[in-house]
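> To be precise about what I am sending: the file is called structure.cif and holds mmCIF, N, CA and C atoms.
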data_run
#
loop_
_atom_site.label_atom_id
_atom_site.label_comp_id
_atom_site.auth_asym_id
_atom_site.auth_seq_id
_atom_site.Cartn_x
_atom_site.Cartn_y
_atom_site.Cartn_z
N MET A 7 105.17 105.77 130.35
CA MET A 7 105.76 106.46 129.21
C MET A 7 106.77 105.54 128.54
N THR A 8 106.67 105.43 127.23
CA THR A 8 107.63 104.63 126.47
C THR A 8 108.86 105.49 126.21
N ASP A 9 109.94 104.85 125.75
CA ASP A 9 111.11 105.62 125.36
C ASP A 9 110.74 106.56 124.23
N SER A 10 111.34 107.73 124.25
CA SER A 10 111.08 108.72 123.21
C SER A 10 111.71 108.28 121.90
N LEU A 11 110.93 108.34 120.85
CA LEU A 11 111.38 107.98 119.51
C LEU A 11 111.36 109.21 118.62
N MET A 12 112.30 109.28 117.68
CA MET A 12 112.19 110.27 116.61
C MET A 12 111.50 109.55 115.46
N ILE A 13 110.33 110.08 115.07
CA ILE A 13 109.49 109.40 114.09
C ILE A 13 109.34 110.27 112.85
N LEU A 14 109.81 109.73 111.72
CA LEU A 14 109.66 110.41 110.44
C LEU A 14 108.23 110.20 109.95
N ILE A 15 107.53 111.30 109.71
CA ILE A 15 106.17 111.24 109.17
C ILE A 15 106.31 111.29 107.66
N ALA A 16 105.91 110.20 107.00
CA ALA A 16 106.08 110.08 105.55
C ALA A 16 104.72 110.01 104.87
N GLY A 17 104.56 110.82 103.85
CA GLY A 17 103.32 110.84 103.07
C GLY A 17 103.50 111.77 101.89
N ALA A 18 102.42 111.98 101.19
CA ALA A 18 102.46 112.81 99.99
C ALA A 18 102.80 114.25 100.34
N TYR A 19 103.71 114.82 99.58
CA TYR A 19 103.98 116.27 99.63
C TYR A 19 103.78 116.83 98.23
N ALA A 20 104.63 116.45 97.30
CA ALA A 20 104.50 116.95 95.92
C ALA A 20 103.63 116.03 95.07
N SER A 21 103.50 114.77 95.46
CA SER A 21 102.74 113.80 94.68
C SER A 21 101.32 114.27 94.43
N GLY A 22 100.91 114.18 93.17
CA GLY A 22 99.54 114.52 92.82
C GLY A 22 99.23 116.00 92.78
N THR A 23 100.23 116.86 92.91
CA THR A 23 99.98 118.30 92.95
C THR A 23 100.31 119.02 91.65
N ASP A 24 101.06 118.37 90.77
CA ASP A 24 101.53 119.00 89.53
C ASP A 24 102.23 120.33 89.83
N GLY A 25 102.91 120.37 90.99
CA GLY A 25 103.66 121.56 91.36
C GLY A 25 102.83 122.72 91.90
N ASP A 26 101.55 122.51 92.12
CA ASP A 26 100.67 123.56 92.64
C ASP A 26 101.01 123.83 94.11
N PRO A 27 101.49 125.05 94.43
CA PRO A 27 101.91 125.33 95.80
C PRO A 27 100.77 125.24 96.82
N VAL A 28 99.55 125.51 96.40
CA VAL A 28 98.41 125.41 97.33
C VAL A 28 98.19 123.94 97.70
N LEU A 29 98.24 123.06 96.72
CA LEU A 29 98.06 121.64 97.00
C LEU A 29 99.23 121.08 97.80
N MET A 30 100.43 121.56 97.51
CA MET A 30 101.60 121.11 98.28
C MET A 30 101.47 121.55 99.73
N ARG A 31 101.01 122.77 99.96
CA ARG A 31 100.80 123.26 101.33
C ARG A 31 99.75 122.42 102.04
N ARG A 32 98.69 122.06 101.31
CA ARG A 32 97.64 121.22 101.89
C ARG A 32 98.21 119.87 102.30
N ASN A 33 99.07 119.30 101.45
CA ASN A 33 99.71 118.02 101.79
C ASN A 33 100.62 118.16 103.01
N LEU A 34 101.37 119.26 103.07
CA LEU A 34 102.24 119.47 104.24
C LEU A 34 101.39 119.64 105.50
N ASP A 35 100.27 120.35 105.39
CA ASP A 35 99.37 120.49 106.54
C ASP A 35 98.90 119.12 107.02
N ARG A 36 98.59 118.23 106.09
CA ARG A 36 98.14 116.89 106.44
C ARG A 36 99.24 116.11 107.17
N LEU A 37 100.49 116.24 106.68
CA LEU A 37 101.60 115.61 107.37
C LEU A 37 101.74 116.17 108.78
N GLU A 38 101.61 117.48 108.90
CA GLU A 38 101.80 118.13 110.19
C GLU A 38 100.70 117.81 111.20
N GLU A 39 99.53 117.41 110.71
CA GLU A 39 98.45 117.02 111.64
C GLU A 39 98.87 115.85 112.53
N ALA A 40 99.77 115.03 112.03
CA ALA A 40 100.23 113.87 112.81
C ALA A 40 101.29 114.27 113.83
N ALA A 41 101.85 115.47 113.72
CA ALA A 41 102.95 115.87 114.60
C ALA A 41 102.52 116.00 116.06
N TRP A 42 101.39 116.62 116.32
CA TRP A 42 100.99 116.84 117.71
C TRP A 42 100.75 115.52 118.46
N PRO A 43 99.97 114.59 117.93
CA PRO A 43 99.78 113.34 118.68
C PRO A 43 101.09 112.62 118.97
N ILE A 44 102.01 112.67 118.02
CA ILE A 44 103.32 112.03 118.23
C ILE A 44 104.08 112.74 119.34
N PHE A 45 104.10 114.06 119.30
CA PHE A 45 104.79 114.84 120.32
C PHE A 45 104.14 114.65 121.69
N ALA A 46 102.81 114.71 121.72
CA ALA A 46 102.08 114.58 122.99
C ALA A 46 102.31 113.22 123.64
N ALA A 47 102.63 112.21 122.83
CA ALA A 47 102.91 110.88 123.37
C ALA A 47 104.36 110.74 123.83
N GLY A 48 105.13 111.83 123.75
CA GLY A 48 106.50 111.82 124.26
C GLY A 48 107.58 111.60 123.22
N HIS A 49 107.19 111.63 121.95
CA HIS A 49 108.14 111.38 120.87
C HIS A 49 108.51 112.70 120.16
N VAL A 50 109.44 112.61 119.23
CA VAL A 50 109.84 113.76 118.43
C VAL A 50 109.38 113.52 117.00
N PRO A 51 108.39 114.29 116.54
CA PRO A 51 107.96 114.14 115.15
C PRO A 51 108.96 114.82 114.22
N MET A 52 109.13 114.24 113.04
CA MET A 52 110.03 114.83 112.04
C MET A 52 109.38 114.67 110.68
N ILE A 53 109.44 115.73 109.90
CA ILE A 53 108.95 115.72 108.52
C ILE A 53 110.10 116.20 107.65
N GLY A 54 110.43 115.45 106.63
CA GLY A 54 111.57 115.79 105.78
C GLY A 54 111.50 117.19 105.21
N GLU A 55 110.31 117.65 104.86
CA GLU A 55 110.16 118.98 104.28
C GLU A 55 110.52 120.08 105.28
N TRP A 56 110.40 119.80 106.58
CA TRP A 56 110.79 120.79 107.59
C TRP A 56 112.28 121.10 107.48
N VAL A 57 113.04 120.14 107.00
CA VAL A 57 114.48 120.31 106.84
C VAL A 57 114.80 120.71 105.40
N ALA A 58 114.20 120.04 104.45
CA ALA A 58 114.54 120.24 103.04
C ALA A 58 114.17 121.62 102.51
N LEU A 59 113.02 122.14 102.88
CA LEU A 59 112.60 123.43 102.33
C LEU A 59 113.53 124.58 102.73
N PRO A 60 113.96 124.69 103.99
CA PRO A 60 114.94 125.73 104.31
C PRO A 60 116.29 125.52 103.62
N VAL A 61 116.68 124.26 103.43
CA VAL A 61 117.93 123.98 102.72
C VAL A 61 117.81 124.48 101.28
N LEU A 62 116.69 124.20 100.66
CA LEU A 62 116.47 124.69 99.29
C LEU A 62 116.52 126.21 99.22
N ARG A 63 115.81 126.88 100.15
CA ARG A 63 115.82 128.35 100.16
C ARG A 63 117.23 128.89 100.32
N SER A 64 117.99 128.29 101.23
CA SER A 64 119.35 128.79 101.47
C SER A 64 120.28 128.53 100.29
N ALA A 65 119.92 127.57 99.44
CA ALA A 65 120.71 127.29 98.24
C ALA A 65 120.30 128.17 97.06
N GLY A 66 119.27 129.00 97.28
CA GLY A 66 118.81 129.89 96.23
C GLY A 66 117.79 129.27 95.30
N ALA A 67 117.27 128.11 95.64
CA ALA A 67 116.26 127.46 94.81
C ALA A 67 114.95 128.23 94.88
N ALA A 68 114.19 128.16 93.80
CA ALA A 68 112.90 128.86 93.73
C ALA A 68 111.82 128.15 94.54
N GLY A 69 112.08 126.96 95.01
CA GLY A 69 111.09 126.21 95.79
C GLY A 69 111.18 124.74 95.47
N PRO A 70 110.19 123.97 95.92
CA PRO A 70 110.26 122.52 95.78
C PRO A 70 110.11 122.02 94.34
N THR A 71 109.76 122.91 93.39
CA THR A 71 109.69 122.50 92.00
C THR A 71 110.96 122.88 91.24
N ASP A 72 111.88 123.55 91.91
CA ASP A 72 113.17 123.92 91.31
C ASP A 72 113.95 122.64 90.98
N PRO A 73 114.72 122.64 89.89
CA PRO A 73 115.52 121.45 89.56
C PRO A 73 116.44 120.99 90.70
N LEU A 74 116.89 121.91 91.53
CA LEU A 74 117.76 121.55 92.65
C LEU A 74 117.04 120.67 93.68
N ALA A 75 115.72 120.72 93.69
CA ALA A 75 114.95 119.94 94.68
C ALA A 75 115.26 118.46 94.60
N ALA A 76 115.50 117.94 93.41
CA ALA A 76 115.80 116.51 93.27
C ALA A 76 117.08 116.14 94.00
N GLU A 77 117.98 117.11 94.15
CA GLU A 77 119.25 116.85 94.85
C GLU A 77 119.14 117.06 96.36
N VAL A 78 117.97 117.54 96.80
CA VAL A 78 117.80 117.87 98.22
C VAL A 78 116.69 117.07 98.89
N MET A 79 115.52 117.01 98.29
CA MET A 79 114.35 116.45 98.96
C MET A 79 114.53 114.99 99.39
N TYR A 80 114.80 114.09 98.45
CA TYR A 80 114.97 112.68 98.81
C TYR A 80 116.23 112.45 99.64
N PRO A 81 117.35 113.09 99.29
CA PRO A 81 118.55 112.89 100.12
C PRO A 81 118.34 113.32 101.59
N ILE A 82 117.58 114.38 101.82
CA ILE A 82 117.30 114.80 103.21
C ILE A 82 116.57 113.67 103.93
N ALA A 83 115.54 113.12 103.31
CA ALA A 83 114.77 112.05 103.94
C ALA A 83 115.68 110.84 104.22
N HIS A 84 116.54 110.53 103.28
CA HIS A 84 117.44 109.38 103.48
C HIS A 84 118.40 109.63 104.64
N ARG A 85 118.89 110.85 104.75
CA ARG A 85 119.79 111.18 105.87
C ARG A 85 119.03 111.15 107.20
N LEU A 86 117.80 111.66 107.18
CA LEU A 86 117.00 111.62 108.41
C LEU A 86 116.76 110.19 108.86
N LEU A 87 116.57 109.29 107.91
CA LEU A 87 116.33 107.89 108.26
C LEU A 87 117.53 107.24 108.93
N GLN A 88 118.71 107.86 108.84
CA GLN A 88 119.87 107.36 109.57
C GLN A 88 119.76 107.71 111.05
N ARG A 89 118.87 108.64 111.39
CA ARG A 89 118.74 109.11 112.76
C ARG A 89 117.37 108.85 113.38
N CYS A 90 116.39 108.52 112.54
CA CYS A 90 115.04 108.28 113.05
C CYS A 90 114.91 106.86 113.57
N ASP A 91 114.03 106.71 114.56
CA ASP A 91 113.80 105.42 115.19
C ASP A 91 112.61 104.68 114.61
N ALA A 92 111.77 105.41 113.86
CA ALA A 92 110.57 104.81 113.29
C ALA A 92 110.04 105.73 112.19
N VAL A 93 109.13 105.18 111.41
CA VAL A 93 108.46 105.92 110.35
C VAL A 93 106.96 105.74 110.52
N LEU A 94 106.23 106.83 110.37
CA LEU A 94 104.77 106.77 110.29
C LEU A 94 104.42 107.04 108.84
N ARG A 95 103.90 106.03 108.16
CA ARG A 95 103.52 106.18 106.74
C ARG A 95 102.04 106.51 106.67
N LEU A 96 101.73 107.73 106.25
CA LEU A 96 100.35 108.14 106.10
C LEU A 96 99.79 107.60 104.78
N PRO A 97 98.48 107.43 104.70
CA PRO A 97 97.87 106.91 103.47
C PRO A 97 98.04 107.87 102.30
N GLY A 98 97.99 107.32 101.11
CA GLY A 98 98.05 108.13 99.89
C GLY A 98 99.27 107.82 99.06
N ALA A 99 99.13 108.02 97.77
CA ALA A 99 100.22 107.74 96.84
C ALA A 99 101.36 108.72 97.04
N SER A 100 102.57 108.18 97.18
CA SER A 100 103.77 109.01 97.30
C SER A 100 104.99 108.14 97.05
N ARG A 101 105.66 108.41 95.95
CA ARG A 101 106.87 107.65 95.63
C ARG A 101 107.94 107.88 96.69
N GLY A 102 108.09 109.12 97.14
CA GLY A 102 109.09 109.43 98.17
C GLY A 102 108.80 108.72 99.48
N ALA A 103 107.53 108.74 99.91
CA ALA A 103 107.17 108.06 101.16
C ALA A 103 107.37 106.55 101.02
N ASP A 104 107.06 106.01 99.84
CA ASP A 104 107.30 104.59 99.62
C ASP A 104 108.79 104.26 99.70
N GLN A 105 109.63 105.17 99.19
CA GLN A 105 111.08 104.99 99.29
C GLN A 105 111.51 105.03 100.76
N ASP A 106 110.93 105.95 101.52
CA ASP A 106 111.26 106.05 102.95
C ASP A 106 110.93 104.74 103.66
N VAL A 107 109.77 104.18 103.36
CA VAL A 107 109.36 102.91 103.98
C VAL A 107 110.31 101.79 103.58
N ALA A 108 110.68 101.74 102.32
CA ALA A 108 111.59 100.68 101.86
C ALA A 108 112.94 100.79 102.57
N ILE A 109 113.45 102.00 102.70
CA ILE A 109 114.73 102.20 103.39
C ILE A 109 114.60 101.82 104.86
N ALA A 110 113.50 102.25 105.49
CA ALA A 110 113.29 101.91 106.90
C ALA A 110 113.27 100.40 107.10
N ARG A 111 112.56 99.71 106.24
CA ARG A 111 112.46 98.25 106.38
C ARG A 111 113.81 97.59 106.15
N GLU A 112 114.58 98.10 105.18
CA GLU A 112 115.93 97.56 104.94
C GLU A 112 116.81 97.71 106.18
N ARG A 113 116.61 98.80 106.90
CA ARG A 113 117.42 99.10 108.08
C ARG A 113 116.83 98.53 109.36
N GLY A 114 115.69 97.87 109.27
CA GLY A 114 115.06 97.30 110.46
C GLY A 114 114.38 98.34 111.34
N ILE A 115 114.03 99.47 110.76
CA ILE A 115 113.34 100.54 111.50
C ILE A 115 111.84 100.25 111.44
N PRO A 116 111.15 100.31 112.57
CA PRO A 116 109.70 100.05 112.57
C PRO A 116 108.96 101.05 111.68
N VAL A 117 107.94 100.54 110.99
CA VAL A 117 107.07 101.36 110.15
C VAL A 117 105.66 101.23 110.69
N PHE A 118 105.09 102.34 111.10
CA PHE A 118 103.70 102.39 111.56
C PHE A 118 102.84 102.88 110.40
N THR A 119 101.65 102.32 110.25
CA THR A 119 100.75 102.75 109.18
C THR A 119 99.53 103.47 109.73
N SER A 120 99.53 103.69 111.03
CA SER A 120 98.43 104.39 111.69
C SER A 120 98.97 105.05 112.95
N LEU A 121 98.43 106.20 113.30
CA LEU A 121 98.84 106.85 114.55
C LEU A 121 98.59 105.95 115.75
N ASP A 122 97.53 105.14 115.68
CA ASP A 122 97.21 104.24 116.79
C ASP A 122 98.31 103.21 117.05
N GLU A 123 99.15 102.94 116.06
CA GLU A 123 100.24 101.99 116.22
C GLU A 123 101.45 102.61 116.93
N VAL A 124 101.53 103.94 116.98
CA VAL A 124 102.67 104.61 117.60
C VAL A 124 102.55 104.46 119.11
N PRO A 125 103.60 103.95 119.77
CA PRO A 125 103.53 103.73 121.21
C PRO A 125 103.10 105.00 121.97
N GLY A 126 102.08 104.83 122.80
CA GLY A 126 101.63 105.92 123.65
C GLY A 126 100.62 106.86 123.03
N VAL A 127 100.44 106.82 121.73
CA VAL A 127 99.53 107.79 121.09
C VAL A 127 98.08 107.51 121.47
N ALA A 128 97.63 106.28 121.37
CA ALA A 128 96.23 105.96 121.67
C ALA A 128 95.91 106.29 123.13
N ALA A 129 96.79 105.92 124.05
CA ALA A 129 96.56 106.18 125.47
C ALA A 129 96.52 107.68 125.73
N HIS A 130 97.43 108.42 125.12
CA HIS A 130 97.46 109.86 125.34
C HIS A 130 96.23 110.53 124.74
N THR A 131 95.78 110.05 123.60
CA THR A 131 94.60 110.62 122.96
C THR A 131 93.39 110.45 123.85
N GLU A 132 93.25 109.27 124.45
CA GLU A 132 92.11 109.02 125.33
C GLU A 132 92.17 109.92 126.56
N VAL A 133 93.34 110.06 127.18
CA VAL A 133 93.50 110.92 128.36
C VAL A 133 93.24 112.37 127.97
N GLY A 134 93.81 112.80 126.84
CA GLY A 134 93.63 114.18 126.40
C GLY A 134 92.17 114.49 126.13
N ALA A 135 91.44 113.55 125.54
CA ALA A 135 90.03 113.78 125.27
C ALA A 135 89.26 113.89 126.57
N ALA A 136 89.60 113.05 127.57
CA ALA A 136 88.93 113.12 128.87
C ALA A 136 89.21 114.45 129.55
N ASP A 137 90.47 114.93 129.47
CA ASP A 137 90.82 116.23 130.05
C ASP A 137 90.05 117.35 129.39
N ARG A 138 89.92 117.29 128.06
CA ARG A 138 89.18 118.34 127.35
C ARG A 138 87.72 118.32 127.71
N ARG A 139 87.12 117.11 127.90
CA ARG A 139 85.73 117.03 128.29
C ARG A 139 85.51 117.64 129.66
N ARG A 140 86.45 117.36 130.61
CA ARG A 140 86.32 117.93 131.95
C ARG A 140 86.41 119.45 131.88
N THR A 141 87.31 119.97 131.08
CA THR A 141 87.47 121.41 130.95
C THR A 141 86.22 122.02 130.34
N ASP A 142 85.67 121.34 129.32
CA ASP A 142 84.46 121.84 128.66
C ASP A 142 83.27 121.84 129.61
N ASP A 143 83.24 120.86 130.54
CA ASP A 143 82.11 120.75 131.47
C ASP A 143 82.21 121.74 132.61
N ASP A 144 83.41 122.23 132.89
CA ASP A 144 83.60 123.14 134.05
C ASP A 144 82.99 124.49 133.83
#
Written as structure tokens, that's how I'd like the structure from this file.

Amino acid sequence: MTDSLMILIAGAYASGTDGDPVLMRRNLDRLEEAAWPIFAAGHVPMIGEWVALPVLRSAGAAGPTDPLAAEVMYPIAHRLLQRCDAVLRLPGASRGADQDVAIARERGIPVFTSLDEVPGVAAHTEVGAADRRRTDDD
């Protein structure tokens, strides 16, 4: 087991959605798909929207398209990067995720571009798949 890392999962959330909540939810679901493999490998996954969206709601904002979002969404990610040990940059256009990567690199924080690069993920995935096959065969 490697040391536990807090890993910011960075990728598209609002990018390319034109504010459509269904598309934004789909993007968040895609970000969250990376959470389990990271957690199963012994790390702590973090997504900025997990923090920013409740902050927006508590401030009375109508949601991520509210004008207040500009004062919350990127600043949350920047603050999280002061505490995260690494970033996983998922594919796809995202100005915010690109900013996260730039900040991480400025701070010397490792940036992974694939789940396979995250310490322990590939090994855990192989073991987990073998366990599932044994269970399925029983």
> Could you give me the residues within chain A that DSSP places in alpha helix (DSSP H), as a PyMOL selection string?
chain A and resi 27-39+41-46+54-64+79-86+101-112+127-143
> From the list A:Thr119, A:Thr23, A:Ser64, A:Asn33, which residue is nearest Ala92 (chain A) when using only C-alpha atoms?
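Once distances to Ala92 (chain A) are computed over only C-alpha atoms, the minimum belongs to A:Thr119.
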> Can you translate the PyMOL selection byres (((chain A and resi 11 and name CA) around 9) and name CA) into the concrete residues it hits in this file, as a PyMOL selection string?
chain A and resi 8-10+12-13+48-51+90-92
> Which residue gives the smallest distance to Ala103 (chain A) among A:Leu37, A:Gly25, A:Ala46, A:Ala58, with only C-alpha atoms counted?
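Counting only C-alpha atoms, the residue closest to Ala103 (chain A) is A:Leu37.
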> Please measure the separation of atom C of Arg95 (chain A) and CA of Trp56 (chain A), giving the value in Å to one decimal.
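Those two atoms sit 16.8 Å apart.
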> Residues near region 72-75 of chain A, anyone? I mean within 7 Å using only N, CA and C atoms, not counting same-chain ones fewer than 5 positions away, as a list in words.
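Result of the neighbour search: Leu62, Ala67 and Tyr80 of chain A.
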> To one decimal place, how far is CA of Val78 (chain A) from CA of Ala16 (chain A) in Å?
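Value for the CA of Val78 (chain A)-CA of Ala16 (chain A) distance: 15.9 Å.
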> What separation in Å, quoted to one decimal, exists between atom N of Gly66 (chain A) and atom N of Ala40 (chain A)?
28.2 Å
> Let me know the residues the PyMOL selection byres ((chain A and resi 18) around 6.5) catches in the file above, as an mmCIF file with N, CA and C atoms, keeping the file's coordinate frame.

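Output file result17.cif follows:
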data_model
loop_
_atom_site.group_PDB
_atom_site.id
_atom_site.type_symbol
_atom_site.label_atom_id
_atom_site.label_comp_id
_atom_site.auth_asym_id
_atom_site.auth_seq_id
_atom_site.Cartn_x
_atom_site.Cartn_y
_atom_site.Cartn_z
ATOM 1 N N ALA A 16 105.910 110.200 107.000
ATOM 2 C CA ALA A 16 106.080 110.080 105.550
ATOM 3 C C ALA A 16 104.720 110.010 104.870
ATOM 4 N N GLY A 17 104.560 110.820 103.850
ATOM 5 C CA GLY A 17 103.320 110.840 103.070
ATOM 6 C C GLY A 17 103.500 111.770 101.890
ATOM 7 N N TYR A 19 103.710 114.820 99.580
ATOM 8 C CA TYR A 19 103.980 116.270 99.630
ATOM 9 C C TYR A 19 103.780 116.830 98.230
ATOM 10 N N ALA A 20 104.630 116.450 97.300
ATOM 11 C CA ALA A 20 104.500 116.950 95.920
ATOM 12 C C ALA A 20 103.630 116.030 95.070
ATOM 13 N N SER A 21 103.500 114.770 95.460
ATOM 14 C CA SER A 21 102.740 113.800 94.680
ATOM 15 C C SER A 21 101.320 114.270 94.430
ATOM 16 N N ASN A 33 99.070 119.300 101.450
ATOM 17 C CA ASN A 33 99.710 118.020 101.790
ATOM 18 C C ASN A 33 100.620 118.160 103.010
ATOM 19 N N LEU A 34 101.370 119.260 103.070
ATOM 20 C CA LEU A 34 102.240 119.470 104.240
ATOM 21 C C LEU A 34 101.390 119.640 105.500
ATOM 22 N N LEU A 96 101.730 107.730 106.250
ATOM 23 C CA LEU A 96 100.350 108.140 106.100
ATOM 24 C C LEU A 96 99.790 107.600 104.780
ATOM 25 N N PRO A 97 98.480 107.430 104.700
ATOM 26 C CA PRO A 97 97.870 106.910 103.470
ATOM 27 C C PRO A 97 98.040 107.870 102.300
ATOM 28 N N GLY A 98 97.990 107.320 101.110
ATOM 29 C CA GLY A 98 98.050 108.130 99.890
ATOM 30 C C GLY A 98 99.270 107.820 99.060
ATOM 31 N N ALA A 99 99.130 108.020 97.770
ATOM 32 C CA ALA A 99 100.220 107.740 96.840
ATOM 33 C C ALA A 99 101.360 108.720 97.040
ATOM 34 N N SER A 100 102.570 108.180 97.180
ATOM 35 C CA SER A 100 103.770 109.010 97.300
ATOM 36 C C SER A 100 104.990 108.140 97.050
ATOM 37 N N ALA A 103 107.530 108.740 99.910
ATOM 38 C CA ALA A 103 107.170 108.060 101.160
ATOM 39 C C ALA A 103 107.370 106.550 101.020
#
> Extract, using only N, CA and C atoms, all DNA, RNA and protein residues at most 6.5 Å from Ile115 (chain A), discarding same-chain residues fewer than 3 positions from it, and format them as a VMD selection string.
chain A and resid 91 to 93 109 to 112
